[in-house]
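Q: Below is run_18.pdb; it holds PDB, C-alpha atoms and all ligand atoms.
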MODEL        1
ATOM      1  CA  MET U  22      -6.006 -20.053  13.397
ATOM      2  CA  GLU U  23      -9.433 -21.209  12.291
ATOM      3  CA  ASN U  24     -11.185 -19.352   9.516
ATOM      4  CA  GLN U  25     -13.492 -19.840   6.606
ATOM      5  CA  PHE U  26     -11.013 -19.057   3.822
ATOM      6  CA  SER U  27      -9.355 -22.080   2.186
ATOM      7  CA  GLN U  28      -6.687 -19.715   0.825
ATOM      8  CA  TYR U  29      -5.219 -19.530   4.335
ATOM      9  CA  GLN U  30      -3.733 -22.989   3.669
ATOM     10  CA  ASP U  31      -1.293 -21.287   1.279
ATOM     11  CA  LEU U  32       0.121 -19.126   4.080
ATOM     12  CA  GLU U  33       3.194 -19.973   6.127
ATOM     13  CA  LYS U  34       1.828 -17.831   8.945
ATOM     14  CA  ILE U  35      -0.348 -14.837   9.694
ATOM     15  CA  MET U  36       1.874 -11.814  10.217
ATOM     16  CA  ILE U  37      -0.690  -9.101  11.066
ATOM     17  CA  THR U  38      -4.267  -9.784  12.130
ATOM     18  CA  ARG U  39      -7.316  -7.834  10.991
ATOM     19  CA  ASP U  40      -7.684  -6.356  14.512
ATOM     20  CA  GLU U  41      -4.080  -5.172  14.584
ATOM     21  CA  ILE U  42      -4.573  -3.595  11.146
ATOM     22  CA  GLN U  43      -7.695  -1.702  12.225
ATOM     23  CA  THR U  44      -6.059  -0.407  15.420
ATOM     24  CA  GLN U  45      -2.957   0.803  13.621
ATOM     25  CA  VAL U  46      -4.861   2.369  10.697
ATOM     26  CA  LYS U  47      -6.818   4.452  13.241
ATOM     27  CA  GLU U  48      -3.580   5.571  14.941
ATOM     28  CA  VAL U  49      -1.956   6.629  11.660
ATOM     29  CA  ALA U  50      -5.182   8.364  10.560
ATOM     30  CA  LYS U  51      -5.034  10.509  13.725
ATOM     31  CA  ARG U  52      -1.503  11.674  12.853
ATOM     32  CA  ILE U  53      -2.479  12.402   9.266
ATOM     33  CA  SER U  54      -5.592  14.284  10.393
ATOM     34  CA  ALA U  55      -3.535  16.469  12.735
ATOM     35  CA  ASP U  56      -1.084  17.302   9.921
ATOM     36  CA  TYR U  57      -3.712  18.166   7.283
ATOM     37  CA  GLN U  58      -5.935  20.473   9.344
ATOM     38  CA  GLY U  59      -7.030  23.443   7.199
ATOM     39  CA  LYS U  60      -6.033  21.695   3.963
ATOM     40  CA  THR U  61      -7.998  19.834   1.285
ATOM     41  CA  PRO U  62      -5.534  17.372  -0.207
ATOM     42  CA  VAL U  63      -5.929  15.030  -3.152
ATOM     43  CA  VAL U  64      -5.663  11.549  -1.626
ATOM     44  CA  VAL U  65      -4.390   9.140  -4.271
ATOM     45  CA  CYS U  66      -4.952   5.394  -4.043
ATOM     46  CA  ILE U  67      -2.325   3.300  -5.823
ATOM     47  CA  LEU U  68      -4.258   0.449  -7.443
ATOM     48  CA  LYS U  69      -4.836  -2.316  -6.810
ATOM     49  CA  GLY U  70      -2.981  -3.321  -3.652
ATOM     50  CA  ALA U  71      -3.851  -0.243  -1.574
ATOM     51  CA  VAL U  72      -7.618  -0.478  -2.073
ATOM     52  CA  MET U  73      -8.473  -1.973   1.344
ATOM     53  CA  PHE U  74      -6.092   0.305   3.239
ATOM     54  CA  PHE U  75      -7.395   3.333   1.317
ATOM     55  CA  ALA U  76     -11.027   2.478   2.097
ATOM     56  CA  ASP U  77     -10.351   1.981   5.820
ATOM     57  CA  LEU U  78      -7.994   4.956   6.155
ATOM     58  CA  LEU U  79     -10.288   7.399   4.370
ATOM     59  CA  ARG U  80     -13.145   6.745   6.770
ATOM     60  CA  GLU U  81     -10.888   7.780   9.675
ATOM     61  CA  LEU U  82      -9.572  11.011   8.142
ATOM     62  CA  ASP U  83     -11.017  14.096   9.772
ATOM     63  CA  PHE U  84     -10.594  16.803   7.105
ATOM     64  CA  PRO U  85     -12.063  17.571   3.666
ATOM     65  CA  LEU U  86     -10.342  15.761   0.816
ATOM     66  CA  VAL U  87     -10.804  14.628  -2.759
ATOM     67  CA  THR U  88      -9.836  11.209  -4.075
ATOM     68  CA  ASP U  89      -8.107   9.960  -7.194
ATOM     69  CA  PHE U  90      -6.674   6.654  -8.406
ATOM     70  CA  MET U  91      -3.516   5.628 -10.194
ATOM     71  CA  ALA U  92      -2.341   2.203 -11.356
ATOM     72  CA  ILE U  93       1.318   1.287 -11.574
ATOM     73  CA  SER U  94       2.791  -2.078 -12.487
ATOM     74  CA  SER U  95       6.224  -3.338 -11.510
ATOM     75  CA  TYR U  96       5.815  -7.027 -10.688
ATOM     76  CA  GLY U  97       3.968  -9.270 -13.162
ATOM     77  CA  SER U  98       3.344 -12.597 -11.398
ATOM     78  CA  SER U  99       6.737 -12.820  -9.697
ATOM     79  CA  THR U 100       7.513 -12.058  -6.051
ATOM     80  CA  LYS U 101      10.554  -9.900  -6.887
ATOM     81  CA  SER U 102      10.286  -6.342  -8.165
ATOM     82  CA  THR U 103      11.566  -5.870 -11.711
ATOM     83  CA  GLY U 104      12.582  -2.295 -10.921
ATOM     84  CA  VAL U 105      10.766  -1.229 -14.090
ATOM     85  CA  VAL U 106       7.818   0.997 -13.242
ATOM     86  CA  LYS U 107       4.986   1.292 -15.761
ATOM     87  CA  LEU U 108       2.101   3.774 -15.528
ATOM     88  CA  VAL U 109      -1.036   1.745 -16.266
ATOM     89  CA  LYS U 110      -3.723   4.273 -15.276
ATOM     90  CA  ASP U 111      -3.114   7.970 -14.715
ATOM     91  CA  LEU U 112      -4.914  10.358 -12.355
ATOM     92  CA  ASP U 113      -8.155  11.924 -13.590
ATOM     93  CA  ARG U 114      -7.409  15.353 -12.136
ATOM     94  CA  ASP U 115      -4.751  18.030 -12.391
ATOM     95  CA  ILE U 116      -2.707  18.166  -9.180
ATOM     96  CA  CYS U 117      -0.883  21.416  -9.937
ATOM     97  CA  GLY U 118      -0.807  23.542  -6.753
ATOM     98  CA  ARG U 119      -2.489  20.781  -4.688
ATOM     99  CA  ASP U 120      -1.307  18.941  -1.585
ATOM    100  CA  VAL U 121      -1.146  15.253  -2.463
ATOM    101  CA  LEU U 122      -1.222  12.282  -0.092
ATOM    102  CA  VAL U 123      -0.255   9.043  -1.829
ATOM    103  CA  VAL U 124      -1.709   5.890  -0.260
ATOM    104  CA  GLU U 125       0.296   2.725  -1.009
ATOM    105  CA  ASP U 126       0.129  -0.889   0.174
ATOM    106  CA  ILE U 127       3.832  -1.578   0.659
ATOM    107  CA  VAL U 128       7.181   0.127   0.116
ATOM    108  CA  ASP U 129       9.739  -2.459  -0.947
ATOM    109  CA  SER U 130      12.609  -1.322  -3.219
ATOM    110  CA  GLY U 131      11.066   2.174  -3.135
ATOM    111  CA  MET U 132      11.196   2.444  -6.948
ATOM    112  CA  THR U 133       7.436   2.859  -7.410
ATOM    113  CA  LEU U 134       7.012   5.687  -4.912
ATOM    114  CA  SER U 135      10.208   7.389  -5.923
ATOM    115  CA  TYR U 136       8.854   7.462  -9.501
ATOM    116  CA  ILE U 137       5.468   8.780  -8.323
ATOM    117  CA  LYS U 138       7.027  11.468  -6.097
ATOM    118  CA  LYS U 139       9.187  12.774  -8.958
ATOM    119  CA  GLU U 140       6.274  12.657 -11.397
ATOM    120  CA  PHE U 141       3.943  14.575  -9.026
ATOM    121  CA  ALA U 142       6.620  17.186  -8.282
ATOM    122  CA  GLN U 143       7.040  17.725 -12.034
ATOM    123  CA  ARG U 144       3.285  18.241 -12.336
ATOM    124  CA  GLY U 145       3.554  21.084  -9.822
ATOM    125  CA  ALA U 146       2.041  19.505  -6.687
ATOM    126  CA  ALA U 147       2.351  21.854  -3.678
ATOM    127  CA  SER U 148       3.402  18.906  -1.488
ATOM    128  CA  VAL U 149       3.603  15.121  -1.827
ATOM    129  CA  ARG U 150       3.468  12.839   1.200
ATOM    130  CA  ILE U 151       3.350   9.069   1.428
ATOM    131  CA  ALA U 152       1.150   6.893   3.632
ATOM    132  CA  THR U 153       1.913   3.186   3.422
ATOM    133  CA  LEU U 154       0.362   0.224   5.145
ATOM    134  CA  LEU U 155       3.620  -1.757   5.165
ATOM    135  CA  ASP U 156       7.276  -0.804   4.951
ATOM    136  CA  LYS U 157      10.061  -3.319   4.140
ATOM    137  CA  PRO U 158      13.190  -1.156   4.673
ATOM    138  CA  ALA U 159      15.596  -4.120   4.289
ATOM    139  CA  ARG U 160      14.956  -4.180   0.535
ATOM    140  CA  ARG U 161      15.223  -0.474  -0.215
ATOM    141  CA  ARG U 162      17.167   0.355  -3.407
ATOM    142  CA  VAL U 163      16.535   4.109  -3.505
ATOM    143  CA  GLU U 164      16.357   6.710  -0.774
ATOM    144  CA  LEU U 165      12.767   7.594   0.057
ATOM    145  CA  ASP U 166      11.038   9.497   2.859
ATOM    146  CA  VAL U 167       8.001   7.561   4.051
ATOM    147  CA  ASP U 168       5.851  10.017   5.987
ATOM    148  CA  TYR U 169       3.297   7.623   7.500
ATOM    149  CA  SER U 170       3.686   3.876   7.868
ATOM    150  CA  CYS U 171       1.427   1.480   9.775
ATOM    151  CA  PHE U 172       3.811  -1.489  10.076
ATOM    152  CA  VAL U 173       7.521  -2.001   9.443
ATOM    153  CA  ILE U 174       7.967  -5.649   8.413
ATOM    154  CA  PRO U 175      10.900  -8.005   7.765
ATOM    155  CA  ASP U 176      11.852  -9.228   4.290
ATOM    156  CA  ALA U 177       9.077 -11.711   3.461
ATOM    157  CA  PHE U 178       6.543 -11.891   0.654
ATOM    158  CA  VAL U 179       3.168 -11.054   2.158
ATOM    159  CA  VAL U 180      -0.393 -11.254   0.841
ATOM    160  CA  GLY U 181      -3.888 -10.350   2.030
ATOM    161  CA  TYR U 182      -5.807  -7.158   2.865
ATOM    162  CA  GLY U 183      -5.405  -6.011  -0.756
ATOM    163  CA  LEU U 184      -1.963  -7.483  -1.444
ATOM    164  CA  ASP U 185      -1.831 -10.229  -4.070
ATOM    165  CA  TYR U 186       0.230 -12.978  -5.577
ATOM    166  CA  ASP U 187      -0.723 -13.423  -9.235
ATOM    167  CA  GLU U 188      -3.927 -11.414  -8.475
ATOM    168  CA  LYS U 189      -5.037 -13.836  -5.737
ATOM    169  CA  TYR U 190      -5.322 -13.484  -1.917
ATOM    170  CA  ARG U 191      -6.425  -9.826  -2.034
ATOM    171  CA  ASN U 192      -9.665 -10.747  -0.242
ATOM    172  CA  LEU U 193      -8.033 -12.163   2.905
ATOM    173  CA  PRO U 194      -8.831  -9.850   5.845
ATOM    174  CA  ASP U 195      -5.469 -10.563   7.552
ATOM    175  CA  ILE U 196      -1.896 -10.163   6.233
ATOM    176  CA  GLY U 197       0.157 -13.354   5.978
ATOM    177  CA  VAL U 198       3.444 -14.689   4.645
ATOM    178  CA  LEU U 199       2.843 -16.660   1.460
ATOM    179  CA  HIS U 200       4.263 -20.184   1.643
ATOM    180  CA  PRO U 201       7.273 -20.453  -0.732
ATOM    181  CA  ARG U 202       5.828 -23.671  -2.215
ATOM    182  CA  ILE U 203       3.223 -21.465  -3.956
ATOM    183  CA  TYR U 204       5.804 -19.518  -5.980
ATOM    184  CA  THR U 205       8.745 -21.965  -6.193
ATOM    185  CA  LYS U 206       7.334 -24.618  -8.458
TER     186      LYS U 206
HETATM  187  P1  LIG U 301       8.669  -1.194  -4.882
HETATM  188  O1  LIG U 301       8.591  -0.352  -6.108
HETATM  189  O2  LIG U 301       8.751  -0.427  -3.600
HETATM  190  O3  LIG U 301       9.754  -2.251  -4.994
HETATM  191  O4  LIG U 301       7.399  -2.092  -4.867
HETATM  192  C1  LIG U 301       6.187  -1.662  -4.551
HETATM  193  C2  LIG U 301       5.146  -2.653  -5.034
HETATM  194  O5  LIG U 301       5.643  -3.992  -5.077
HETATM  195  C3  LIG U 301       4.007  -2.676  -4.083
HETATM  196  O6  LIG U 301       3.053  -1.717  -4.419
HETATM  197  C4  LIG U 301       3.480  -4.086  -4.238
HETATM  198  O7  LIG U 301       2.553  -4.117  -5.300
HETATM  199  C5  LIG U 301       4.685  -4.897  -4.626
HETATM  200  N1  LIG U 301       5.234  -5.632  -3.461
HETATM  201  C6  LIG U 301       6.390  -5.413  -2.806
HETATM  202  N2  LIG U 301       6.568  -6.280  -1.779
HETATM  203  C7  LIG U 301       5.467  -7.066  -1.790
HETATM  204  C8  LIG U 301       5.012  -8.152  -0.944
HETATM  205  O8  LIG U 301       5.652  -8.595   0.033
HETATM  206  N3  LIG U 301       3.815  -8.692  -1.278
HETATM  207  C9  LIG U 301       3.060  -8.269  -2.322
HETATM  208  N4  LIG U 301       1.903  -8.902  -2.533
HETATM  209  N5  LIG U 301       3.441  -7.246  -3.122
HETATM  210  C10 LIG U 301       4.624  -6.658  -2.851
ENDMDL
END
With the file now loaded, output its structure as structure tokens.
A:
Amino acid sequence: MENQFSQYQDLEKIMITRDEIQTQVKEVAKRISADYQGKTPVVVCILKGAVMFFADLLRELDFPLVTDFMAISSYGSSTKSTGVVKLVKDLDRDICGRDVLVVEDIVDSGMTLSYIKKEFAQRGAASVRIATLLDKPARRRVELDVDYSCFVIPDAFVVGYGLDYDEKYRNLPDIGVLHPRIYTK
């Protein structure tokens, strides 16, 4: 595939194109919009990987909402989850009594979202649902209900459309499999 980004040379292949992403985000947004009619949820973006998905999804949601942001770290610069979840930036608002929709880039082991779900329940959220761009069920280590998912993908390390390796590749408009030569040095 021809494109202007030299970073594409570090990809083994493109897994999901920008057009496929846009089509699927619109589809999932329709389902979410149907489910949240009459409600005003707090829609939480999990930084930084979900930023692109959050921005595109939000513009398709057809109900009043408020936004908030949370940053969690579990990876460092490796491609394998450490299983240790650290809260780097908390929400700005109180979510007690509120419906909360958590927007995430990818569910892998499930540790991050399982931590967030428990934490939000403890804070008294009226409901907590999860919308993820990607779901990698093969690597799940904890049971987790994913309410909305755009793509179920096989076990591969992917980058682009917000997802990084060592903070790079977030700006690629498509999602691709990172070539192992980049992280096995
Ligand atoms: P979990 O806690 O479910 O194992 O991991 C969730 C986080 O791990 C995601 O938010 C994401 O930051 C990171 N992650 C998991 N799989 C991948 C992947 O294939 N590519 C990238 N770039 N990050 C991933």
Q: Have a look at U:Thr205, U:Gln45, U:Ser130, U:Asn192 and name the one nearest to Ala159 (chain U); count all atoms listed in the file.
A: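 Of U:Thr205, U:Gln45, U:Ser130, U:Asn192, the one nearest Ala159 (chain U) is U:Ser130, counting all atoms listed in the file.
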Q: Skip Gln58 (chain U) itself and residues of its chain fewer than 2 positions away, then list as a list of chain:residue names all residues within 10 Å of it, counting only C-alpha atoms.
A: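 Non-adjacent residues within range: U:Ile53, U:Ser54, U:Ala55, U:Asp56, U:Lys60, U:Thr61, U:Asp83, U:Phe84, U:Pro85.
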Q: Identify, counting only C-alpha atoms and all ligand atoms, the protein, DNA and RNA residues located within 6 Å of ligand LIG 301 (chain U), and give them as a list of chain:residue names.
A: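 These are the residues that qualify: U:Gly70, U:Ser102, U:Asp126, U:Ile127, U:Val128, U:Asp129, U:Ser130, U:Gly131, U:Met132, U:Thr133, U:Ala177, U:Phe178, U:Val179, U:Val180, U:Leu184, U:Asp185, U:Tyr186.
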Q: List, as number ranges by chain, every residue that the PyMOL selection byres (((chain U and resi 170) around 6) and not hetatm) selects in the file provided.
A: U: 152-154, 169, 171-172
Q: Can you measure CA of Met91 (chain U) to CA of Val198 (chain U) for me? One decimal in Å is fine.
A: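 Rounded to one decimal, the two atoms are 26.1 Å apart.
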Q: Using only C-alpha atoms, find the one residue out of U:Ala146, U:Gly183, U:Tyr29, U:Leu134 that sits nearest to Arg161 (chain U).
A: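 Closest candidate: U:Leu134.
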Q: Of the candidates U:Thr100, U:Gln28, U:Ser148, U:Thr38, which one gets nearest to Tyr57 (chain U) if we count only C-alpha atoms?
A: U:Ser148
